[in-house]
>>> print(open('run34.pdb').read())   # PDB, C-alpha atoms
ATOM      1  CA  MET P   1     179.857  81.761 102.541
ATOM      2  CA  SER P   2     179.004  78.204 103.568
ATOM      3  CA  GLU P   3     179.017  78.686 107.353
ATOM      4  CA  MET P   4     176.688  80.825 109.430
ATOM      5  CA  ILE P   5     178.110  83.948 111.010
ATOM      6  CA  ASN P   6     177.190  85.134 114.505
ATOM      7  CA  LYS P   7     175.481  88.374 115.474
ATOM      8  CA  GLU P   8     178.736  90.111 116.331
ATOM      9  CA  GLN P   9     180.066  89.505 112.809
ATOM     10  CA  ALA P  10     176.939  90.733 111.001
ATOM     11  CA  LEU P  11     176.727  93.900 108.937
ATOM     12  CA  ALA P  12     175.052  96.853 110.625
ATOM     13  CA  GLY P  13     172.168  97.290 108.175
ATOM     14  CA  ARG P  14     169.817 100.261 108.360
ATOM     15  CA  ASP P  15     166.621 101.579 109.935
ATOM     16  CA  VAL P  16     164.774 102.253 106.679
ATOM     17  CA  SER P  17     162.882  99.378 105.080
ATOM     18  CA  ILE P  18     162.864  98.704 101.350
ATOM     19  CA  PRO P  19     159.628 100.050  99.799
ATOM     20  CA  LEU P  20     157.226  97.607  98.202
ATOM     21  CA  PRO P  21     155.381  98.034  94.917
ATOM     22  CA  GLU P  22     151.675  98.704  95.315
ATOM     23  CA  LYS P  23     150.394  95.463  93.761
ATOM     24  CA  HIS P  24     151.456  91.887  93.083
ATOM     25  CA  PHE P  25     152.691  91.720  89.497
ATOM     26  CA  VAL P  26     150.849  88.456  88.766
ATOM     27  CA  ASN P  27     147.413  88.783  90.377
ATOM     28  CA  GLN P  28     147.257  92.539  91.125
ATOM     29  CA  ASN P  29     146.352  92.003  94.776
ATOM     30  CA  PRO P  30     147.725  94.702  97.108
ATOM     31  CA  LEU P  31     151.088  93.848  98.662
ATOM     32  CA  SER P  32     150.618  95.924 101.803
ATOM     33  CA  PRO P  33     147.974  95.633 104.549
ATOM     34  CA  PRO P  34     145.155  95.686 105.283
ATOM     35  CA  TYR P  35     144.609  92.167 103.944
ATOM     36  CA  PRO P  36     141.361  90.163 103.949
ATOM     37  CA  GLU P  37     140.912  89.037 107.556
ATOM     38  CA  GLN P  38     140.669  85.324 106.755
ATOM     39  CA  LEU P  39     144.221  85.162 105.400
ATOM     40  CA  GLN P  40     147.068  83.429 107.201
ATOM     41  CA  THR P  41     150.823  83.775 106.728
ATOM     42  CA  ALA P  42     153.490  81.180 105.953
ATOM     43  CA  MET P  43     157.195  81.560 105.187
ATOM     44  CA  PHE P  44     159.679  79.248 103.503
ATOM     45  CA  GLY P  45     163.274  79.225 102.312
ATOM     46  CA  LEU P  46     164.143  76.761  99.575
ATOM     47  CA  GLY P  47     166.976  78.163  97.524
ATOM     48  CA  CYS P  48     166.962  81.123  95.142
ATOM     49  CA  PHE P  49     163.773  82.994  95.926
ATOM     50  CA  TRP P  50     162.916  83.789  92.305
ATOM     51  CA  GLY P  51     161.863  80.254  91.473
ATOM     52  CA  ALA P  52     160.618  79.534  94.982
ATOM     53  CA  GLU P  53     158.153  82.429  94.826
ATOM     54  CA  ARG P  54     156.747  81.214  91.504
ATOM     55  CA  LYS P  55     155.943  77.800  93.004
ATOM     56  CA  PHE P  56     153.708  79.452  95.575
ATOM     57  CA  TRP P  57     151.990  82.117  93.465
ATOM     58  CA  GLN P  58     150.953  79.281  91.145
ATOM     59  CA  THR P  59     149.207  77.547  94.062
ATOM     60  CA  LYS P  60     145.442  78.019  94.237
ATOM     61  CA  GLY P  61     144.362  79.778  97.412
ATOM     62  CA  VAL P  62     147.505  81.914  97.699
ATOM     63  CA  TYR P  63     146.559  85.604  97.853
ATOM     64  CA  ILE P  64     150.023  87.156  97.516
ATOM     65  CA  THR P  65     153.673  86.172  97.684
ATOM     66  CA  LEU P  66     156.627  88.339  98.680
ATOM     67  CA  VAL P  67     160.325  87.570  98.492
ATOM     68  CA  GLY P  68     162.694  88.821 101.123
ATOM     69  CA  TYR P  69     165.218  88.027 103.804
ATOM     70  CA  ALA P  70     164.803  86.415 107.225
ATOM     71  CA  ALA P  71     166.477  84.351 109.941
ATOM     72  CA  GLY P  72     169.595  86.482 110.109
ATOM     73  CA  PHE P  73     170.858  89.473 112.058
ATOM     74  CA  THR P  74     171.122  92.553 109.819
ATOM     75  CA  PRO P  75     168.074  94.863 109.790
ATOM     76  CA  ASN P  76     166.722  95.783 106.343
ATOM     77  CA  PRO P  77     169.575  94.217 104.371
ATOM     78  CA  THR P  78     170.183  94.671 100.663
ATOM     79  CA  TYR P  79     170.446  91.784  98.219
ATOM     80  CA  GLN P  80     174.181  92.360  97.857
ATOM     81  CA  GLU P  81     174.639  92.247 101.623
ATOM     82  CA  VAL P  82     172.683  89.001 101.929
ATOM     83  CA  CYS P  83     174.688  87.415  99.117
ATOM     84  CA  SER P  84     177.919  88.319 100.914
ATOM     85  CA  GLY P  85     176.974  85.894 103.689
ATOM     86  CA  MET P  86     177.551  88.639 106.264
ATOM     87  CA  THR P  87     173.930  89.162 107.316
ATOM     88  CA  GLY P  88     173.026  85.584 108.273
ATOM     89  CA  HIS P  89     169.758  85.886 106.368
ATOM     90  CA  ASN P  90     168.072  83.299 104.201
ATOM     91  CA  GLU P  91     166.322  84.098 100.909
ATOM     92  CA  VAL P  92     162.678  83.425 101.748
ATOM     93  CA  VAL P  93     159.157  83.613 100.362
ATOM     94  CA  GLN P  94     156.366  84.976 102.538
ATOM     95  CA  VAL P  95     152.966  83.577 101.542
ATOM     96  CA  MET P  96     149.580  85.034 102.400
ATOM     97  CA  TYR P  97     146.971  82.326 101.861
ATOM     98  CA  ASP P  98     143.309  81.552 102.426
ATOM     99  CA  PRO P  99     143.064  78.397 104.591
ATOM    100  CA  ALA P 100     139.564  77.770 103.237
ATOM    101  CA  GLN P 101     141.115  77.251  99.798
ATOM    102  CA  VAL P 102     144.543  75.785 100.538
ATOM    103  CA  SER P 103     145.760  74.114 103.718
ATOM    104  CA  TYR P 104     149.120  74.679 105.381
ATOM    105  CA  GLU P 105     149.784  70.977 104.771
ATOM    106  CA  ALA P 106     149.311  71.589 101.031
ATOM    107  CA  LEU P 107     151.839  74.433 101.190
ATOM    108  CA  LEU P 108     154.264  72.087 102.928
ATOM    109  CA  LYS P 109     153.844  69.681 100.026
ATOM    110  CA  VAL P 110     154.825  72.443  97.585
ATOM    111  CA  PHE P 111     157.813  73.262  99.774
ATOM    112  CA  TRP P 112     159.169  69.720 100.102
ATOM    113  CA  GLU P 113     158.662  68.752  96.469
ATOM    114  CA  SER P 114     160.169  71.945  95.003
ATOM    115  CA  HIS P 115     163.750  71.535  96.271
ATOM    116  CA  ASP P 116     166.247  69.079  97.731
ATOM    117  CA  PRO P 117     166.153  69.650 101.510
ATOM    118  CA  THR P 118     169.254  67.523 102.184
ATOM    119  CA  GLN P 119     171.869  69.872 100.714
ATOM    120  CA  GLY P 120     172.773  72.050 103.682
ATOM    121  CA  MET P 121     173.988  75.525 102.755
ATOM    122  CA  ARG P 122     173.208  75.270  99.069
ATOM    123  CA  GLN P 123     170.575  74.391  96.505
ATOM    124  CA  GLY P 124     171.975  72.890  93.334
ATOM    125  CA  ASN P 125     174.720  75.162  92.013
ATOM    126  CA  ASP P 126     173.664  78.013  94.318
ATOM    127  CA  ARG P 127     175.973  77.902  97.326
ATOM    128  CA  GLY P 128     175.845  79.959 100.499
ATOM    129  CA  THR P 129     173.960  80.306 103.756
ATOM    130  CA  GLN P 130     171.241  82.340 102.007
ATOM    131  CA  TYR P 131     170.199  79.220 100.069
ATOM    132  CA  ARG P 132     169.528  76.971 103.058
ATOM    133  CA  SER P 133     166.248  75.122 103.503
ATOM    134  CA  GLY P 134     163.936  76.555 106.130
ATOM    135  CA  ILE P 135     160.358  76.605 107.395
ATOM    136  CA  TYR P 136     159.469  79.612 109.537
ATOM    137  CA  THR P 137     156.248  79.156 111.467
ATOM    138  CA  TYR P 138     153.644  81.651 112.685
ATOM    139  CA  SER P 139     151.751  79.461 115.161
ATOM    140  CA  ASP P 140     152.115  76.390 117.329
ATOM    141  CA  GLU P 141     149.927  74.519 114.849
ATOM    142  CA  GLN P 142     152.225  75.386 111.951
ATOM    143  CA  GLN P 143     155.255  74.344 114.016
ATOM    144  CA  THR P 144     153.690  70.978 114.849
ATOM    145  CA  LEU P 145     152.667  70.332 111.246
ATOM    146  CA  ALA P 146     156.068  71.376 109.916
ATOM    147  CA  LEU P 147     157.989  69.094 112.290
ATOM    148  CA  ALA P 148     155.677  66.178 111.504
ATOM    149  CA  SER P 149     156.074  66.782 107.773
ATOM    150  CA  LYS P 150     159.855  66.760 108.078
ATOM    151  CA  ALA P 151     159.814  63.415 109.878
ATOM    152  CA  ARG P 152     157.414  61.980 107.315
ATOM    153  CA  TYR P 153     159.415  63.175 104.315
ATOM    154  CA  GLN P 154     162.667  61.942 105.866
ATOM    155  CA  VAL P 155     161.298  58.399 105.813
ATOM    156  CA  GLN P 156     160.338  58.777 102.172
ATOM    157  CA  LEU P 157     163.728  60.235 101.211
ATOM    158  CA  ALA P 158     165.640  57.561 103.115
ATOM    159  CA  LYS P 159     163.906  54.881 101.060
ATOM    160  CA  ALA P 160     165.382  56.584  97.979
ATOM    161  CA  SER P 161     168.871  56.701  99.571
ATOM    162  CA  TYR P 162     168.876  60.443 100.291
ATOM    163  CA  SER P 163     170.758  61.707 103.343
ATOM    164  CA  GLN P 164     169.392  63.591 106.340
ATOM    165  CA  ILE P 165     167.149  66.603 105.858
ATOM    166  CA  THR P 166     168.931  69.820 106.856
ATOM    167  CA  THR P 167     165.834  72.057 106.912
ATOM    168  CA  GLU P 168     165.668  74.459 109.860
ATOM    169  CA  ILE P 169     162.212  74.762 111.413
ATOM    170  CA  VAL P 170     161.863  77.718 113.765
ATOM    171  CA  LYS P 171     159.312  80.321 114.771
ATOM    172  CA  ALA P 172     159.111  83.028 112.132
ATOM    173  CA  PRO P 173     161.653  85.810 112.646
ATOM    174  CA  GLU P 174     161.220  89.295 111.231
ATOM    175  CA  PHE P 175     160.733  89.391 107.484
ATOM    176  CA  TYR P 176     162.530  92.063 105.456
ATOM    177  CA  PRO P 177     161.138  92.575 101.921
ATOM    178  CA  ALA P 178     163.568  92.359  99.039
ATOM    179  CA  GLU P 179     164.035  95.063  96.449
ATOM    180  CA  GLU P 180     161.204  95.720  93.979
ATOM    181  CA  TYR P 181     162.961  94.107  91.015
ATOM    182  CA  HIS P 182     163.098  90.772  92.877
ATOM    183  CA  GLN P 183     159.349  90.698  93.537
ATOM    184  CA  GLN P 184     157.640  88.246  91.133
ATOM    185  CA  TYR P 185     160.880  88.271  89.137
ATOM    186  CA  LEU P 186     160.065  85.278  86.951
ATOM    187  CA  ALA P 187     156.720  86.765  85.939
ATOM    188  CA  LYS P 188     158.511  89.877  84.709
ATOM    189  CA  LEU P 189     161.309  87.822  83.094
ATOM    190  CA  PRO P 190     159.808  84.390  82.286
ATOM    191  CA  GLY P 191     163.112  83.156  80.883
ATOM    192  CA  GLY P 192     165.075  84.237  83.929
ATOM    193  CA  TYR P 193     167.263  82.016  86.071
ATOM    194  CA  CYS P 194     165.708  79.365  88.300
ATOM    195  CA  GLY P 195     168.041  76.952  90.041
ATOM    196  CA  LEU P 196     165.378  74.976  91.891
ATOM    197  CA  GLY P 197     165.206  71.240  91.446
ATOM    198  CA  GLY P 198     163.272  68.786  93.571
ATOM    199  CA  THR P 199     164.207  65.234  94.446
ATOM    200  CA  GLY P 200     161.389  63.700  92.435
ATOM    201  CA  ILE P 201     160.099  62.077  95.627
ATOM    202  CA  ALA P 202     156.422  62.850  96.234
ATOM    203  CA  TYR P 203     155.513  64.141  99.673
ATOM    204  CA  GLN P 204     152.695  62.140 101.222
ATOM    205  CA  GLN P 205     150.435  64.462 103.197
ATOM    206  CA  GLY P 206     149.409  63.497 106.699
TER     207      GLY P 206
END
>>> encode(input="run34.pdb", output="structure tokens")
Amino acid sequence: MSEMINKEQALAGRDVSIPLPEKHFVNQNPLSPPYPEQLQTAMFGLGCFWGAERKFWQTKGVYITLVGYAAGFTPNPTYQEVCSGMTGHNEVVQVMYDPAQVSYEALLKVFWESHDPTQGMRQGNDRGTQYRSGIYTYSDEQQTLALASKARYQVQLAKASYSQITTEIVKAPEFYPAEEYHQQYLAKLPGGYCGLGGTGIAYQQG
């Protein structure tokens, strides 16, 4: 589905959340709290979450990554429900990171350079509202940095004749973890599908 539904159209969902595995498949850090107190949280949507998650777990200073669903209406949706377009959710990556090792601005650089943020409700051949570009912020500082980064990258993209950025930037909604087999999918299946492709335009950090 290429157009967002409204709350009244959304599937009912369920009260029970999808259980998480105990540890991150790549670095063996625990996926559930308590986390080290210095960690901060970020969340991004940039197309199919398999490849998107890999971009962030490969980033130094990232403690864990989780894939899931956010920015829709249906509580605790399944992958099949999200792919139907009837939950309103985006496929997202939640990132727990140590700001002493990697800045939020550096995570924004990974985000912008890892996909084409001008494509609306798709990313490459993946089409649907669950593949839209999004930054979901957990503080006023993150919101300010995200908005500034969008304006900065728009200038850079315009010079290369790209159209307007369609990325949504909103305060982080509730995050619903995806099923266990989606977590760190491309570490379990290194030859698995990844439809991500950036613009080739480097993001210049502020």
>>> closest_residue(input="run34.pdb", among="P:Thr78, P:Ser2, P:Gln183, P:Ile201", to="Ala158 of chain P", atoms="all atoms listed in the file")
P:Ile201
>>> closest_residue(input="run34.pdb", among="P:Gly206, P:Gly120, P:Gly134, P:Gly192", to="Ala42 of chain P", atoms="only C-alpha atoms")
P:Gly134
>>> residues_around(input="run34.pdb", residues="Thr59 of chain P", least_positions_apart="6", cutoff="10 Å", atoms="only C-alpha atoms", output="JSON, numbers by chain")
{"P": [97, 101, 102, 106, 107, 110]}
>>> residues_around(input="run34.pdb", residues="His24 of chain P", least_positions_apart="2", cutoff="9 Å", atoms="only C-alpha atoms", output="count of residues only")
13
>>> closest_residue(input="run34.pdb", among="P:Tyr35, P:Trp50, P:Tyr176, P:Phe44", to="Phe73 of chain P", atoms="all atoms listed in the file")
P:Tyr176
>>> resolve_selection(input="run34.pdb", expression="the PyMOL selection byres ((chain P and resi 116) around 7)", output="number ranges by chain")
P: 115, 117-119, 123, 197-199
>>> resolve_selection(input="run34.pdb", expression="the PyMOL selection byres ((chain P and resi 112) around 12)", output="MDAnalysis selection string")
chainID P and resid 44:47 52 55 105:111 113:118 133:135 146 149:154 156:157 165:167 196:205
>>> resolve_selection(input="run34.pdb", expression="the PyMOL selection byres ((chain P and resi 36) around 10)", output="short mmCIF file (atom, residue, chain, number, x, y, z; two decimals) with C-alpha atoms, in the frame of the given file")
data_model
loop_
_atom_site.label_atom_id
_atom_site.label_comp_id
_atom_site.auth_asym_id
_atom_site.auth_seq_id
_atom_site.Cartn_x
_atom_site.Cartn_y
_atom_site.Cartn_z
CA PRO P 33 147.97 95.63 104.55
CA PRO P 34 145.16 95.69 105.28
CA TYR P 35 144.61 92.17 103.94
CA GLU P 37 140.91 89.04 107.56
CA GLN P 38 140.67 85.32 106.76
CA LEU P 39 144.22 85.16 105.40
CA GLN P 40 147.07 83.43 107.20
CA TYR P 63 146.56 85.60 97.85
CA MET P 96 149.58 85.03 102.40
CA TYR P 97 146.97 82.33 101.86
CA ASP P 98 143.31 81.55 102.43
#
>>> decode(input="run34.pdb", residues="segment 103-129 of chain P", atoms="N, CA and C atoms", output="mmCIF file, in the first residue's frame")
data_model
loop_
_atom_site.group_PDB
_atom_site.id
_atom_site.type_symbol
_atom_site.label_atom_id
_atom_site.label_comp_id
_atom_site.auth_asym_id
_atom_site.auth_seq_id
_atom_site.Cartn_x
_atom_site.Cartn_y
_atom_site.Cartn_z
ATOM 1 N N SER P 103 28.567 9.818 18.282
ATOM 2 C CA SER P 103 27.612 10.900 18.472
ATOM 3 C C SER P 103 26.314 10.625 17.713
ATOM 4 N N TYR P 104 25.259 11.295 18.110
ATOM 5 C CA TYR P 104 23.995 11.195 17.375
ATOM 6 C C TYR P 104 24.184 11.715 15.954
ATOM 7 N N GLU P 105 24.997 12.752 15.804
ATOM 8 C CA GLU P 105 25.289 13.295 14.470
ATOM 9 C C GLU P 105 25.942 12.233 13.586
ATOM 10 N N ALA P 106 26.813 11.401 14.160
ATOM 11 C CA ALA P 106 27.439 10.330 13.387
ATOM 12 C C ALA P 106 26.414 9.276 12.975
ATOM 13 N N LEU P 107 25.436 9.012 13.841
ATOM 14 C CA LEU P 107 24.364 8.084 13.475
ATOM 15 C C LEU P 107 23.505 8.657 12.360
ATOM 16 N N LEU P 108 23.285 9.967 12.394
ATOM 17 C CA LEU P 108 22.541 10.616 11.313
ATOM 18 C C LEU P 108 23.277 10.473 9.981
ATOM 19 N N LYS P 109 24.585 10.543 10.029
ATOM 20 C CA LYS P 109 25.378 10.357 8.810
ATOM 21 C C LYS P 109 25.160 8.961 8.234
ATOM 22 N N VAL P 110 25.177 7.945 9.104
ATOM 23 C CA VAL P 110 24.899 6.576 8.647
ATOM 24 C C VAL P 110 23.510 6.507 8.021
ATOM 25 N N PHE P 111 22.545 7.110 8.694
ATOM 26 C CA PHE P 111 21.171 7.108 8.192
ATOM 27 C C PHE P 111 21.068 7.727 6.798
ATOM 28 N N TRP P 112 21.544 8.947 6.634
ATOM 29 C CA TRP P 112 21.377 9.652 5.367
ATOM 30 C C TRP P 112 22.121 8.967 4.227
ATOM 31 N N GLU P 113 23.290 8.440 4.504
ATOM 32 C CA GLU P 113 24.114 7.882 3.425
ATOM 33 C C GLU P 113 23.722 6.447 3.061
ATOM 34 N N SER P 114 22.866 5.812 3.850
ATOM 35 C CA SER P 114 22.545 4.401 3.627
ATOM 36 C C SER P 114 21.288 4.177 2.795
ATOM 37 N N HIS P 115 20.581 5.249 2.422
ATOM 38 C CA HIS P 115 19.362 5.080 1.625
ATOM 39 C C HIS P 115 19.116 6.350 0.827
ATOM 40 N N ASP P 116 18.101 6.311 -0.022
ATOM 41 C CA ASP P 116 17.680 7.486 -0.779
ATOM 42 C C ASP P 116 16.447 8.058 -0.087
ATOM 43 N N PRO P 117 16.579 9.191 0.606
ATOM 44 C CA PRO P 117 15.464 9.719 1.392
ATOM 45 C C PRO P 117 14.463 10.543 0.585
ATOM 46 N N THR P 118 14.531 10.469 -0.735
ATOM 47 C CA THR P 118 13.634 11.264 -1.584
ATOM 48 C C THR P 118 12.553 10.413 -2.241
ATOM 49 N N GLN P 119 12.419 9.151 -1.857
ATOM 50 C CA GLN P 119 11.577 8.226 -2.610
ATOM 51 C C GLN P 119 10.167 8.045 -2.073
ATOM 52 N N GLY P 120 9.799 8.748 -1.030
ATOM 53 C CA GLY P 120 8.435 8.624 -0.528
ATOM 54 C C GLY P 120 8.176 7.271 0.104
ATOM 55 N N MET P 121 7.099 6.626 -0.324
ATOM 56 C CA MET P 121 6.677 5.359 0.285
ATOM 57 C C MET P 121 7.339 4.152 -0.381
ATOM 58 N N ARG P 122 8.640 4.238 -0.543
ATOM 59 C CA ARG P 122 9.365 3.086 -1.081
ATOM 60 C C ARG P 122 10.855 3.279 -0.828
ATOM 61 N N GLN P 123 11.607 2.222 -1.069
ATOM 62 C CA GLN P 123 13.059 2.288 -1.071
ATOM 63 C C GLN P 123 13.530 1.289 -2.113
ATOM 64 N N GLY P 124 13.972 1.817 -3.254
ATOM 65 C CA GLY P 124 14.340 0.954 -4.364
ATOM 66 C C GLY P 124 13.131 0.207 -4.869
ATOM 67 N N ASN P 125 13.248 -1.122 -4.974
ATOM 68 C CA ASN P 125 12.136 -1.945 -5.450
ATOM 69 C C ASN P 125 11.147 -2.307 -4.358
ATOM 70 N N ASP P 126 11.455 -1.952 -3.111
ATOM 71 C CA ASP P 126 10.542 -2.213 -1.994
ATOM 72 C C ASP P 126 9.531 -1.071 -1.917
ATOM 73 N N ARG P 127 8.273 -1.398 -2.121
ATOM 74 C CA ARG P 127 7.235 -0.363 -2.167
ATOM 75 C C ARG P 127 6.197 -0.594 -1.080
ATOM 76 N N GLY P 128 5.788 0.490 -0.429
ATOM 77 C CA GLY P 128 4.792 0.406 0.619
ATOM 78 C C GLY P 128 5.107 1.384 1.733
ATOM 79 N N THR P 129 4.108 1.695 2.530
ATOM 80 C CA THR P 129 4.276 2.681 3.592
ATOM 81 C C THR P 129 5.264 2.219 4.658
#
